[in-house]
>>> print(open('start.txt').read())   # compact mmCIF, C-alpha atoms
# COMPACT_ATOMS: atom_id res chain seq x y z
CA MET A 1 6.60 17.14 -52.55
CA THR A 2 5.94 13.39 -52.43
CA ASP A 3 7.60 10.68 -54.47
CA ALA A 4 6.08 7.93 -56.60
CA LYS A 5 7.79 4.62 -55.97
CA LEU A 6 8.78 2.26 -58.76
CA SER A 7 10.21 -1.20 -58.26
CA LEU A 8 12.07 -2.66 -61.22
CA ALA A 9 14.55 -5.55 -61.35
CA GLU A 10 14.57 -5.77 -57.54
CA LYS A 11 15.54 -2.11 -57.22
CA ASP A 12 13.42 0.76 -55.89
CA PHE A 13 13.29 4.21 -57.48
CA GLY A 14 11.55 7.43 -56.47
CA TYR A 15 10.13 10.07 -58.80
CA PRO A 16 8.74 13.48 -57.80
CA VAL A 17 4.99 14.02 -57.99
CA LEU A 18 4.21 17.51 -59.32
CA SER A 19 0.95 19.36 -58.78
CA GLY A 20 -0.59 21.99 -61.03
CA SER A 21 -2.98 24.72 -59.94
CA VAL A 22 -5.85 22.34 -60.75
CA GLY A 23 -6.19 18.91 -62.31
CA PRO A 24 -4.39 15.57 -61.92
CA ASP A 25 -0.92 15.34 -60.41
CA VAL A 26 1.90 14.24 -62.70
CA ILE A 27 4.84 11.96 -62.03
CA ASP A 28 8.12 13.51 -63.18
CA ILE A 29 9.85 10.66 -65.03
CA ARG A 30 12.52 12.70 -66.81
CA LYS A 31 15.24 10.64 -65.08
CA LEU A 32 13.51 7.30 -65.57
CA TYR A 33 15.59 6.06 -68.51
CA GLY A 34 18.86 7.26 -67.04
CA GLN A 35 18.19 5.49 -63.75
CA THR A 36 16.44 2.32 -64.94
CA GLY A 37 17.26 1.89 -68.62
CA ALA A 38 13.49 1.58 -69.28
CA PHE A 39 10.96 3.76 -71.13
CA THR A 40 7.25 4.20 -70.52
CA TYR A 41 4.80 2.92 -73.15
CA ASP A 42 1.92 5.32 -73.83
CA PRO A 43 0.43 5.15 -77.36
CA GLY A 44 -1.19 8.47 -78.20
CA PHE A 45 0.46 10.03 -75.12
CA THR A 46 -2.93 9.96 -73.39
CA SER A 47 -1.35 9.55 -69.95
CA THR A 48 1.63 11.82 -70.57
CA ALA A 49 2.01 15.53 -69.80
CA SER A 50 4.39 16.80 -72.48
CA CYS A 51 4.68 20.34 -71.13
CA GLN A 52 3.61 22.86 -68.53
CA SER A 53 0.98 25.35 -69.68
CA LYS A 54 -1.04 28.23 -68.26
CA LEU A 55 -3.38 28.58 -71.23
CA THR A 56 -6.24 26.09 -71.20
CA TYR A 57 -7.63 23.63 -68.68
CA ILE A 58 -10.07 20.81 -69.42
CA ASP A 59 -11.87 18.57 -66.95
CA GLY A 60 -13.50 16.04 -69.22
CA ASP A 61 -15.40 14.27 -66.44
CA GLU A 62 -17.08 17.48 -65.30
CA GLY A 63 -17.43 19.08 -68.74
CA VAL A 64 -15.21 22.07 -67.88
CA LEU A 65 -13.17 24.14 -70.34
CA LEU A 66 -11.27 27.19 -69.05
CA HIS A 67 -9.12 29.71 -70.94
CA ARG A 68 -6.72 31.38 -68.47
CA GLY A 69 -9.27 30.46 -65.79
CA TYR A 70 -12.36 31.84 -67.55
CA PRO A 71 -15.19 29.36 -68.39
CA ILE A 72 -15.69 28.95 -72.14
CA GLY A 73 -19.43 29.57 -71.83
CA GLU A 74 -18.93 33.00 -70.24
CA LEU A 75 -16.33 33.96 -72.84
CA ALA A 76 -18.56 32.87 -75.73
CA GLU A 77 -21.56 34.73 -74.33
CA GLN A 78 -19.86 37.95 -73.21
CA SER A 79 -16.54 38.37 -75.04
CA SER A 80 -15.47 38.91 -78.63
CA PHE A 81 -13.01 36.68 -80.43
CA MET A 82 -10.42 39.47 -80.35
CA GLU A 83 -10.78 39.68 -76.55
CA VAL A 84 -10.22 35.93 -76.26
CA ALA A 85 -7.24 36.14 -78.60
CA TYR A 86 -5.71 38.86 -76.42
CA LEU A 87 -6.45 36.78 -73.30
CA LEU A 88 -4.73 33.69 -74.68
CA LEU A 89 -1.71 35.65 -75.87
CA ASN A 90 -1.27 37.91 -72.84
CA GLY A 91 -2.79 36.11 -69.87
CA GLU A 92 -5.45 38.67 -68.94
CA LEU A 93 -8.59 40.10 -70.51
CA PRO A 94 -7.78 43.46 -72.11
CA LYS A 95 -8.83 46.84 -70.81
CA GLY A 96 -10.58 49.16 -73.24
CA ASP A 97 -7.47 50.91 -74.55
CA GLU A 98 -5.55 47.61 -74.72
CA LEU A 99 -8.30 45.99 -76.79
CA ASN A 100 -8.50 48.98 -79.14
CA LYS A 101 -4.75 48.88 -79.72
CA PHE A 102 -4.76 45.12 -80.26
CA GLU A 103 -7.68 45.25 -82.71
CA SER A 104 -5.98 48.10 -84.58
CA THR A 105 -2.74 46.12 -84.82
CA ILE A 106 -4.49 43.01 -86.12
CA THR A 107 -6.49 45.09 -88.61
CA ARG A 108 -3.31 46.66 -90.03
CA HIS A 109 -1.90 43.20 -90.71
CA THR A 110 -4.91 41.69 -92.52
CA MET A 111 -3.63 42.37 -96.04
CA VAL A 112 -1.29 39.79 -97.57
CA HIS A 113 1.61 40.29 -99.93
CA GLU A 114 0.24 40.92 -103.43
CA GLN A 115 2.45 38.23 -104.93
CA LEU A 116 0.53 35.64 -102.90
CA ALA A 117 -2.27 35.96 -105.46
CA THR A 118 0.12 34.48 -108.02
CA PHE A 119 1.00 31.70 -105.57
CA PHE A 120 -2.69 30.73 -105.36
CA ARG A 121 -2.89 30.31 -109.13
CA GLY A 122 -0.40 27.46 -108.89
CA PHE A 123 -3.15 25.28 -107.40
CA ARG A 124 -5.74 23.44 -109.45
CA ARG A 125 -9.18 25.02 -109.37
CA ASP A 126 -10.60 21.95 -107.67
CA ALA A 127 -7.91 21.86 -104.95
CA HIS A 128 -9.28 21.35 -101.45
CA PRO A 129 -9.23 24.64 -99.49
CA MET A 130 -7.27 22.95 -96.68
CA ALA A 131 -4.55 21.96 -99.16
CA ILE A 132 -4.36 25.57 -100.26
CA LEU A 133 -4.38 26.89 -96.69
CA CYS A 134 -1.60 24.53 -95.63
CA GLY A 135 0.59 25.45 -98.61
CA VAL A 136 0.05 29.20 -98.46
CA VAL A 137 0.62 29.50 -94.70
CA GLY A 138 3.79 27.46 -95.01
CA ALA A 139 4.96 29.84 -97.72
CA LEU A 140 4.48 32.97 -95.59
CA SER A 141 8.03 32.64 -94.28
CA ALA A 142 9.20 33.33 -97.84
CA PHE A 143 7.31 36.64 -97.83
CA TYR A 144 7.93 37.88 -94.28
CA HIS A 145 11.61 37.37 -93.54
CA ASP A 146 11.57 40.06 -90.85
CA SER A 147 9.58 37.94 -88.37
CA THR A 148 11.17 34.49 -88.45
CA ASP A 149 13.84 34.90 -85.76
CA ILE A 150 12.26 32.96 -82.91
CA HIS A 151 14.84 34.23 -80.41
CA ASP A 152 13.75 37.85 -80.89
CA PRO A 153 10.65 38.64 -78.74
CA THR A 154 9.69 41.52 -81.02
CA GLN A 155 9.77 39.33 -84.11
CA ARG A 156 7.77 36.63 -82.33
CA THR A 157 5.10 39.20 -81.49
CA ILE A 158 4.96 40.49 -85.06
CA ALA A 159 4.73 36.95 -86.43
CA SER A 160 1.95 36.14 -83.98
CA HIS A 161 -0.05 39.19 -85.01
CA ARG A 162 0.52 38.49 -88.69
CA LEU A 163 -0.68 34.91 -88.44
CA ILE A 164 -3.85 35.83 -86.54
CA ALA A 165 -4.56 38.73 -88.91
CA LYS A 166 -3.80 37.07 -92.23
CA MET A 167 -5.48 33.73 -91.62
CA PRO A 168 -9.02 35.06 -92.38
CA THR A 169 -7.72 36.69 -95.56
CA ILE A 170 -5.98 33.52 -96.72
CA ALA A 171 -8.99 31.36 -95.78
CA ALA A 172 -11.33 33.65 -97.74
CA MET A 173 -8.94 33.61 -100.70
CA ALA A 174 -8.88 29.80 -100.63
CA TYR A 175 -12.68 29.80 -100.82
CA LYS A 176 -12.82 32.41 -103.58
CA TYR A 177 -10.25 30.52 -105.62
CA SER A 178 -12.21 27.26 -105.32
CA VAL A 179 -15.41 28.88 -106.65
CA GLY A 180 -13.72 30.99 -109.32
CA GLN A 181 -14.55 34.39 -107.86
CA PRO A 182 -12.12 37.32 -107.53
CA PHE A 183 -10.30 37.86 -104.25
CA GLN A 184 -11.72 40.54 -101.98
CA TYR A 185 -9.40 42.91 -100.14
CA PRO A 186 -9.84 43.41 -96.38
CA ASP A 187 -12.06 46.23 -95.15
CA ASN A 188 -10.53 48.02 -92.16
CA SER A 189 -13.88 49.49 -91.15
CA LEU A 190 -15.22 46.05 -90.20
CA SER A 191 -14.63 43.77 -87.23
CA TYR A 192 -12.31 40.77 -87.49
CA THR A 193 -15.25 38.42 -88.09
CA GLY A 194 -17.30 40.82 -90.20
CA ASN A 195 -14.28 41.42 -92.43
CA PHE A 196 -13.86 37.67 -92.94
CA LEU A 197 -17.52 37.28 -93.93
CA LYS A 198 -17.26 40.10 -96.46
CA MET A 199 -14.03 38.71 -97.96
CA THR A 200 -15.69 35.29 -98.24
CA PHE A 201 -19.15 36.15 -99.55
CA GLY A 202 -18.77 39.64 -100.98
CA VAL A 203 -18.38 40.27 -104.73
CA PRO A 204 -17.28 43.43 -106.61
CA ALA A 205 -20.60 43.66 -108.47
CA GLU A 206 -22.68 44.66 -105.46
CA PRO A 207 -22.31 45.88 -101.86
CA TYR A 208 -22.16 43.34 -99.07
CA GLU A 209 -23.97 43.91 -95.81
CA VAL A 210 -22.75 41.92 -92.80
CA ASN A 211 -25.66 40.26 -91.01
CA PRO A 212 -25.19 41.03 -87.28
CA ALA A 213 -26.63 37.66 -86.19
CA VAL A 214 -24.34 35.75 -88.54
CA GLU A 215 -21.37 37.88 -87.45
CA LYS A 216 -22.12 37.13 -83.81
CA ALA A 217 -22.54 33.42 -84.52
CA MET A 218 -19.23 33.20 -86.40
CA ASP A 219 -17.48 35.11 -83.61
CA ARG A 220 -18.81 32.56 -81.11
CA ILE A 221 -17.70 29.68 -83.29
CA PHE A 222 -14.22 31.18 -83.44
CA ILE A 223 -14.16 31.55 -79.64
CA LEU A 224 -15.31 27.97 -79.09
CA HIS A 225 -12.52 26.66 -81.32
CA ALA A 226 -9.74 29.02 -80.22
CA ASP A 227 -7.78 26.54 -78.08
CA HIS A 228 -8.28 23.09 -76.62
CA GLU A 229 -5.22 22.14 -74.59
CA GLN A 230 -2.66 19.66 -75.97
CA ASN A 231 -4.71 18.13 -78.77
CA ALA A 232 -3.14 16.53 -81.85
CA SER A 233 -2.67 19.70 -83.92
CA THR A 234 -1.48 21.80 -80.97
CA SER A 235 1.01 19.10 -80.03
CA THR A 236 2.15 19.10 -83.66
CA VAL A 237 2.75 22.86 -83.54
CA ARG A 238 4.75 22.47 -80.33
CA LEU A 239 6.73 19.53 -81.72
CA ALA A 240 7.59 21.42 -84.90
CA GLY A 241 8.47 24.48 -82.85
CA SER A 242 10.73 22.49 -80.55
CA SER A 243 13.17 22.06 -83.44
CA GLY A 244 13.45 25.83 -83.86
CA ALA A 245 11.30 25.96 -86.99
CA ASN A 246 9.90 29.37 -87.95
CA PRO A 247 6.35 30.17 -86.74
CA PHE A 248 4.77 30.02 -90.20
CA ALA A 249 6.08 26.49 -90.73
CA CYS A 250 4.85 25.47 -87.28
CA ILE A 251 1.31 26.69 -87.92
CA ALA A 252 1.31 25.01 -91.35
CA ALA A 253 2.21 21.77 -89.57
CA GLY A 254 -0.75 22.27 -87.24
CA ILE A 255 -3.06 22.85 -90.21
CA ALA A 256 -1.86 19.63 -91.83
CA CYS A 257 -2.61 17.68 -88.65
CA LEU A 258 -5.99 19.35 -88.20
CA TRP A 259 -7.02 18.20 -91.67
CA GLY A 260 -7.41 14.63 -90.39
CA PRO A 261 -11.07 13.51 -90.20
CA ALA A 262 -10.59 12.32 -86.62
CA HIS A 263 -9.63 15.86 -85.59
CA GLY A 264 -10.83 18.88 -87.56
CA GLY A 265 -13.16 17.08 -89.94
CA ALA A 266 -15.60 15.87 -87.30
CA ASN A 267 -18.22 18.59 -87.90
CA GLU A 268 -18.33 17.74 -91.60
CA ALA A 269 -18.83 14.08 -90.70
CA ALA A 270 -21.64 15.01 -88.30
CA LEU A 271 -23.43 17.04 -90.99
CA ASN A 272 -23.07 14.20 -93.50
CA MET A 273 -24.58 11.84 -90.92
CA LEU A 274 -27.59 14.12 -90.39
CA GLN A 275 -28.08 14.29 -94.15
CA GLU A 276 -27.93 10.49 -94.33
CA ILE A 277 -30.58 10.18 -91.61
CA GLY A 278 -32.70 12.74 -93.43
CA THR A 279 -35.85 13.11 -91.33
CA PRO A 280 -36.65 12.67 -87.61
CA ASP A 281 -38.82 9.59 -88.20
CA ARG A 282 -35.74 7.63 -89.35
CA ILE A 283 -33.73 8.35 -86.18
CA PRO A 284 -34.71 5.16 -84.25
CA GLU A 285 -33.43 3.08 -87.16
CA PHE A 286 -30.03 4.77 -87.05
CA ILE A 287 -29.83 4.65 -83.26
CA ASN A 288 -30.34 0.89 -83.44
CA ARG A 289 -27.65 0.67 -86.08
CA ALA A 290 -25.26 2.64 -83.86
CA LYS A 291 -25.80 0.10 -81.08
CA ASP A 292 -25.12 -2.83 -83.39
CA LYS A 293 -21.46 -3.83 -83.11
CA ASN A 294 -21.67 -5.53 -86.52
CA ASP A 295 -22.91 -2.39 -88.26
CA PRO A 296 -20.19 0.08 -89.36
CA PHE A 297 -22.52 3.05 -88.83
CA ARG A 298 -21.54 5.38 -85.97
CA LEU A 299 -23.28 8.46 -84.59
CA MET A 300 -20.93 11.32 -85.45
CA GLY A 301 -20.86 14.37 -83.18
CA PHE A 302 -21.47 12.32 -80.04
CA GLY A 303 -18.82 11.62 -77.45
CA HIS A 304 -15.37 13.12 -77.20
CA ARG A 305 -11.84 11.88 -76.60
CA VAL A 306 -11.57 14.14 -73.55
CA TYR A 307 -15.10 15.01 -72.42
CA LYS A 308 -16.94 12.27 -70.53
CA ASN A 309 -19.75 14.70 -69.82
CA TYR A 310 -21.67 17.22 -71.94
CA ASP A 311 -19.24 19.24 -74.07
CA PRO A 312 -19.55 22.78 -72.59
CA ARG A 313 -19.15 24.23 -76.09
CA ALA A 314 -22.18 22.30 -77.37
CA THR A 315 -24.55 24.21 -75.07
CA VAL A 316 -23.52 27.52 -76.64
CA MET A 317 -23.68 25.99 -80.12
CA GLN A 318 -27.26 24.81 -79.66
CA LYS A 319 -28.38 28.31 -78.70
CA THR A 320 -26.42 29.83 -81.59
CA VAL A 321 -28.10 27.53 -84.12
CA ARG A 322 -31.50 28.86 -83.08
CA GLU A 323 -30.37 32.48 -83.38
CA VAL A 324 -28.89 31.98 -86.86
CA PHE A 325 -31.88 30.11 -88.20
CA GLU A 326 -34.25 32.76 -86.88
CA ALA A 327 -32.15 35.62 -88.31
CA LEU A 328 -31.86 33.99 -91.72
CA ASN A 329 -35.45 32.74 -91.68
CA VAL A 330 -34.21 29.23 -92.39
CA SER A 331 -36.38 26.16 -91.91
CA ASP A 332 -33.94 23.31 -92.19
CA PRO A 333 -35.05 19.72 -91.51
CA LEU A 334 -31.45 18.95 -90.58
CA PHE A 335 -31.79 21.07 -87.45
CA GLU A 336 -35.04 19.40 -86.45
CA THR A 337 -33.39 16.04 -87.02
CA ALA A 338 -30.41 17.14 -84.91
CA LEU A 339 -32.63 18.23 -82.01
CA ARG A 340 -34.69 15.06 -82.10
CA LEU A 341 -31.57 12.89 -82.36
CA GLU A 342 -30.06 14.64 -79.35
CA GLU A 343 -33.28 14.16 -77.37
CA LEU A 344 -33.58 10.44 -78.16
CA ALA A 345 -29.89 9.68 -77.66
CA LEU A 346 -29.78 11.42 -74.27
CA SER A 347 -32.77 9.39 -73.05
CA ASP A 348 -31.34 6.08 -74.24
CA ASP A 349 -29.59 3.95 -71.60
CA TYR A 350 -26.97 2.82 -74.11
CA PHE A 351 -25.72 6.37 -74.73
CA ILE A 352 -26.11 7.40 -71.09
CA GLU A 353 -24.00 4.47 -69.86
CA LYS A 354 -21.30 5.14 -72.45
CA LYS A 355 -21.50 8.90 -71.81
CA LEU A 356 -21.98 9.66 -75.50
CA PHE A 357 -23.15 13.26 -75.22
CA PRO A 358 -23.38 15.74 -78.13
CA ASN A 359 -20.15 17.65 -78.75
CA VAL A 360 -19.44 20.97 -80.44
CA ASP A 361 -19.17 19.34 -83.88
CA PHE A 362 -22.75 18.08 -83.65
CA TYR A 363 -24.12 21.62 -84.09
CA SER A 364 -21.35 23.63 -85.75
CA GLY A 365 -21.72 21.89 -89.12
CA VAL A 366 -25.44 22.74 -89.23
CA ILE A 367 -24.72 26.40 -88.44
CA LEU A 368 -21.94 26.74 -91.01
CA SER A 369 -24.08 25.10 -93.67
CA ALA A 370 -26.95 27.50 -92.95
CA ILE A 371 -24.61 30.49 -93.26
CA GLY A 372 -23.52 29.29 -96.69
CA PHE A 373 -20.19 27.55 -96.21
CA PRO A 374 -19.58 24.36 -98.22
CA THR A 375 -18.40 21.38 -96.18
CA SER A 376 -14.91 21.70 -97.70
CA MET A 377 -14.53 24.98 -95.77
CA PHE A 378 -15.51 23.62 -92.34
CA THR A 379 -12.00 22.56 -91.34
CA VAL A 380 -10.56 25.77 -92.79
CA LEU A 381 -12.75 27.74 -90.39
CA PHE A 382 -11.57 25.51 -87.55
CA ALA A 383 -7.95 26.28 -88.51
CA LEU A 384 -8.68 30.01 -88.70
CA ALA A 385 -9.98 30.03 -85.12
CA ARG A 386 -7.41 27.60 -83.73
CA THR A 387 -4.54 29.71 -85.08
CA VAL A 388 -4.92 31.91 -82.00
CA GLY A 389 -4.42 28.91 -79.71
CA TRP A 390 -1.56 27.55 -81.79
CA VAL A 391 0.24 30.88 -81.71
CA ALA A 392 -0.27 31.26 -77.95
CA GLN A 393 0.95 27.70 -77.34
CA TRP A 394 3.96 28.25 -79.61
CA ASN A 395 4.92 31.44 -77.76
CA GLU A 396 4.58 29.70 -74.41
CA MET A 397 6.76 26.82 -75.61
CA ILE A 398 9.51 29.12 -76.89
CA THR A 399 9.83 30.81 -73.49
CA ASP A 400 9.61 27.59 -71.42
CA PRO A 401 13.03 26.94 -69.80
CA ASP A 402 12.25 23.20 -69.59
CA GLN A 403 11.49 22.92 -73.30
CA LYS A 404 13.57 20.44 -75.28
CA ILE A 405 13.34 19.20 -78.84
CA GLY A 406 10.62 16.58 -79.04
CA ARG A 407 11.98 13.05 -79.23
CA PRO A 408 9.52 10.28 -78.28
CA ARG A 409 10.99 6.81 -77.87
CA GLN A 410 9.58 3.46 -78.93
CA LEU A 411 9.01 -0.17 -78.04
CA TYR A 412 10.95 -1.85 -80.84
CA THR A 413 9.43 -5.14 -82.07
CA GLY A 414 11.33 -5.61 -85.35
CA PRO A 415 14.13 -8.03 -86.24
CA THR A 416 17.27 -8.06 -84.11
CA ALA A 417 20.71 -7.59 -85.67
CA ARG A 418 21.34 -9.92 -88.60
CA PRO A 419 24.04 -10.18 -91.27
CA TYR A 420 23.60 -8.57 -94.67
CA VAL A 421 22.97 -11.03 -97.51
CA SER A 422 24.21 -10.06 -100.97
CA LEU A 423 21.68 -9.76 -103.79
CA ASP A 424 22.77 -12.94 -105.63
CA GLU A 425 22.40 -15.06 -102.49
CA ARG A 426 18.88 -13.99 -101.45
>>> encode(input="start.txt", output="structure tokens")
Amino acid sequence: MTDAKLSLAEKDFGYPVLSGSVGPDVIDIRKLYGQTGAFTYDPGFTSTASCQSKLTYIDGDEGVLLHRGYPIGELAEQSSFMEVAYLLLNGELPKGDELNKFESTITRHTMVHEQLATFFRGFRRDAHPMAILCGVVGALSAFYHDSTDIHDPTQRTIASHRLIAKMPTIAAMAYKYSVGQPFQYPDNSLSYTGNFLKMTFGVPAEPYEVNPAVEKAMDRIFILHADHEQNASTSTVRLAGSSGANPFACIAAGIACLWGPAHGGANEAALNMLQEIGTPDRIPEFINRAKDKNDPFRLMGFGHRVYKNYDPRATVMQKTVREVFEALNVSDPLFETALRLEELALSDDYFIEKKLFPNVDFYSGVILSAIGFPTSMFTVLFALARTVGWVAQWNEMITDPDQKIGRPRQLYTGPTARPYVSLDER
């Protein structure tokens, strides 16, 4: 182990350099303040490792995303969402009997407490589905008291399974409530994704047939959004969990963070941009606007905070769009505009130099719109999929011996101490 040297106020200090299994080394500065009386300054924590994790690895420069070592492309092409969920929770891909048991367990937990239907009716009919999702998930701790003891491994497992299982049901209920249709109960004969589609689009008046191509596409979308390292919402879940909060409250905190347009709302923004462009012949005009520093227009769905190469999830998304459109016999000018925009942007020196490649949000909004989801549901679907990652990250945090309650420090720039002035003398 080597040390990083720091010189401060004519004194020298050494700090251990730690290496992971792959990726950048980190400098262990846990003793920095105690030894020097100084903090580091890192807005957004973009150069700070807040934890150790074995779940997900990203190499943004190379466009690599691994879950427990498996490339995201291989998982999306060959696995099911339930397999990936098991992998993230348990560290290994399941064997046949393990997957069957896991799927059966999740299926048995898909129903929600009947009184939750009354809870939904407390929201206005025009409430945003994310507002409903955040409130209902946060309230689950009031309905499931037997799985809130975070120090009991059995209760943590039950809570994890409940959250993964009930999220599709709650998400579908949020949609049904917003459109004034009756809630649909889960169907244990269907897959995790097929069940969600039926609860979302099925009605009591007629049978609902799950389209295999749509089911496969949604399963891929769930896989591609299952986890993404220490992003804003995942860090929020970990921060809330570090205080000892119950798992339902922690996931609700993650949902609230995900709602931000800079995080979970990016696919909706990308779809709105494509609708604004309209047709392929108008693309050059908007590309020129994107280059103009004085024009507020920005190409949404291009570039990524982490990826400085092609988003590996976008490759799978592009293929999935074609499959969905073919299966549904959809001819959508938005998709043609998206393909042409991608082609022109990737051949433009401006975008090449700035490494503004299409990301997963560029295509996912088009797919979800074609399936029939309103834009208000896009982030809800993101939260549904990401719950698996949040739960896995929360479990890992709880069992980490180095874990402490989150307490970032600050660079204070306000007034120094000053005497209080009474009201009549101000």
>>> residues_around(input="start.txt", residues="Glu83 (chain A)", least_positions_apart="3", cutoff="7 Å", atoms="only C-alpha atoms", output="list of chain:residue names")
A:Ser79, A:Ser80, A:Tyr86, A:Leu87, A:Leu93, A:Pro94, A:Leu99
>>> residues_around(input="start.txt", residues="Trp394 (chain A)", least_positions_apart="4", cutoff="10 Å", atoms="all atoms listed in the file", output="NGL selection string")
:A and (156 or 160 or 234-235 or 237-242 or 247 or 250-251 or 388-390 or 398-400)
>>> atom_distance(input="start.txt", atom1="CA of Gln393 (chain A)", atom2="CA of Lys54 (chain A)")
9.3 Å
>>> residues_around(input="start.txt", residues="region 268-282 of chain A", least_positions_apart="3", cutoff="8 Å", atoms="all atoms listed in the file", output="number ranges by chain")
A: 261, 265, 285-286, 299-301, 333-334, 336-338, 340-341, 361-362, 365-366, 375, 378-379
>>> write_last_selection(input="start.txt", atoms="C-alpha atoms", output="PDB file, in the coordinates of the input")
ATOM      1  CA  PRO A 261     -11.070  13.510 -90.200  1.00  0.00           C
ATOM      2  CA  GLY A 265     -13.160  17.080 -89.940  1.00  0.00           C
ATOM      3  CA  GLU A 285     -33.430   3.080 -87.160  1.00  0.00           C
ATOM      4  CA  PHE A 286     -30.030   4.770 -87.050  1.00  0.00           C
ATOM      5  CA  LEU A 299     -23.280   8.460 -84.590  1.00  0.00           C
ATOM      6  CA  MET A 300     -20.930  11.320 -85.450  1.00  0.00           C
ATOM      7  CA  GLY A 301     -20.860  14.370 -83.180  1.00  0.00           C
ATOM      8  CA  PRO A 333     -35.050  19.720 -91.510  1.00  0.00           C
ATOM      9  CA  LEU A 334     -31.450  18.950 -90.580  1.00  0.00           C
ATOM     10  CA  GLU A 336     -35.040  19.400 -86.450  1.00  0.00           C
ATOM     11  CA  THR A 337     -33.390  16.040 -87.020  1.00  0.00           C
ATOM     12  CA  ALA A 338     -30.410  17.140 -84.910  1.00  0.00           C
ATOM     13  CA  ARG A 340     -34.690  15.060 -82.100  1.00  0.00           C
ATOM     14  CA  LEU A 341     -31.570  12.890 -82.360  1.00  0.00           C
ATOM     15  CA  ASP A 361     -19.170  19.340 -83.880  1.00  0.00           C
ATOM     16  CA  PHE A 362     -22.750  18.080 -83.650  1.00  0.00           C
ATOM     17  CA  GLY A 365     -21.720  21.890 -89.120  1.00  0.00           C
ATOM     18  CA  VAL A 366     -25.440  22.740 -89.230  1.00  0.00           C
ATOM     19  CA  THR A 375     -18.400  21.380 -96.180  1.00  0.00           C
ATOM     20  CA  PHE A 378     -15.510  23.620 -92.340  1.00  0.00           C
ATOM     21  CA  THR A 379     -12.000  22.560 -91.340  1.00  0.00           C
TER      22      THR A 379
END
>>> residues_near_point(input="start.txt", point="(-8.7, 45.7, -77.5)", cutoff="12 Å", atoms="only C-alpha atoms", output="list in words")
Ser79, Ser80, Phe81, Met82, Glu83, Val84, Ala85, Tyr86, Leu87, Asn90, Glu92, Leu93, Pro94, Lys95, Gly96, Asp97, Glu98, Leu99, Asn100, Lys101, Phe102, Glu103, Ser104, Thr105, Ile106, Thr107, Ser191 and Tyr192 of chain A
>>> atom_distance(input="start.txt", atom1="CA of Asp295 (chain A)", atom2="CA of Gly44 (chain A)")
26.3 Å
>>> residues_around(input="start.txt", residues="region 116-127 of chain A", least_positions_apart="6", cutoff="8 Å", atoms="all atoms listed in the file", output="number ranges by chain")
A: 136, 174, 177-180
>>> write_last_selection(input="start.txt", atoms="C-alpha atoms", output="PDB file, keeping the file's coordinate frame")
ATOM      1  CA  VAL A 136       0.050  29.200 -98.460  1.00  0.00           C
ATOM      2  CA  ALA A 174      -8.880  29.800-100.630  1.00  0.00           C
ATOM      3  CA  TYR A 177     -10.250  30.520-105.620  1.00  0.00           C
ATOM      4  CA  SER A 178     -12.210  27.260-105.320  1.00  0.00           C
ATOM      5  CA  VAL A 179     -15.410  28.880-106.650  1.00  0.00           C
ATOM      6  CA  GLY A 180     -13.720  30.990-109.320  1.00  0.00           C
TER       7      GLY A 180
END
>>> residues_around(input="start.txt", residues="region 8-10 of chain A", least_positions_apart="2", cutoff="12 Å", atoms="all atoms listed in the file", output="MDAnalysis selection string")
chainID A and resid 5:6 12:14 32:33 35:39
>>> write_last_selection(input="start.txt", atoms="C-alpha atoms", output="mmCIF file, in the coordinates of the input")
data_model
loop_
_atom_site.group_PDB
_atom_site.id
_atom_site.type_symbol
_atom_site.label_atom_id
_atom_site.label_comp_id
_atom_site.auth_asym_id
_atom_site.auth_seq_id
_atom_site.Cartn_x
_atom_site.Cartn_y
_atom_site.Cartn_z
ATOM 1 C CA LYS A 5 7.790 4.620 -55.970
ATOM 2 C CA LEU A 6 8.780 2.260 -58.760
ATOM 3 C CA ASP A 12 13.420 0.760 -55.890
ATOM 4 C CA PHE A 13 13.290 4.210 -57.480
ATOM 5 C CA GLY A 14 11.550 7.430 -56.470
ATOM 6 C CA LEU A 32 13.510 7.300 -65.570
ATOM 7 C CA TYR A 33 15.590 6.060 -68.510
ATOM 8 C CA GLN A 35 18.190 5.490 -63.750
ATOM 9 C CA THR A 36 16.440 2.320 -64.940
ATOM 10 C CA GLY A 37 17.260 1.890 -68.620
ATOM 11 C CA ALA A 38 13.490 1.580 -69.280
ATOM 12 C CA PHE A 39 10.960 3.760 -71.130
#
>>> atom_distance(input="start.txt", atom1="CA of Phe382 (chain A)", atom2="CA of Glu323 (chain A)")
20.5 Å
>>> residues_near_point(input="start.txt", point="(9.2, 3.2, -80.7)", cutoff="10 Å", atoms="only C-alpha atoms", output="VMD selection string")
chain A and resid 39 41 43 408 to 413
>>> closest_residue(input="start.txt", among="A:Asn246, A:Ala232, A:Gln78, A:Ile367", to="Gln155 (chain A)", atoms="only C-alpha atoms")
A:Asn246
>>> closest_residue(input="start.txt", among="A:Ala245, A:Ile283, A:Leu381, A:Ile164", to="Ala345 (chain A)", atoms="only C-alpha atoms")
A:Ile283
>>> closest_residue(input="start.txt", among="A:Leu224, A:Thr110, A:Phe248, A:Ile158", to="Ser141 (chain A)", atoms="all atoms listed in the file")
A:Phe248
>>> closest_residue(input="start.txt", among="A:Arg313, A:Arg162, A:His128, A:His151", to="Ile58 (chain A)", atoms="only C-alpha atoms")
A:Arg313
>>> closest_residue(input="start.txt", among="A:Gln403, A:Thr56, A:Thr154, A:Thr40", to="Pro71 (chain A)", atoms="all atoms listed in the file")
A:Thr56
>>> closest_residue(input="start.txt", among="A:Ile72, A:Tyr15, A:Ser422, A:Lys166", to="Lys31 (chain A)", atoms="all atoms listed in the file")
A:Tyr15
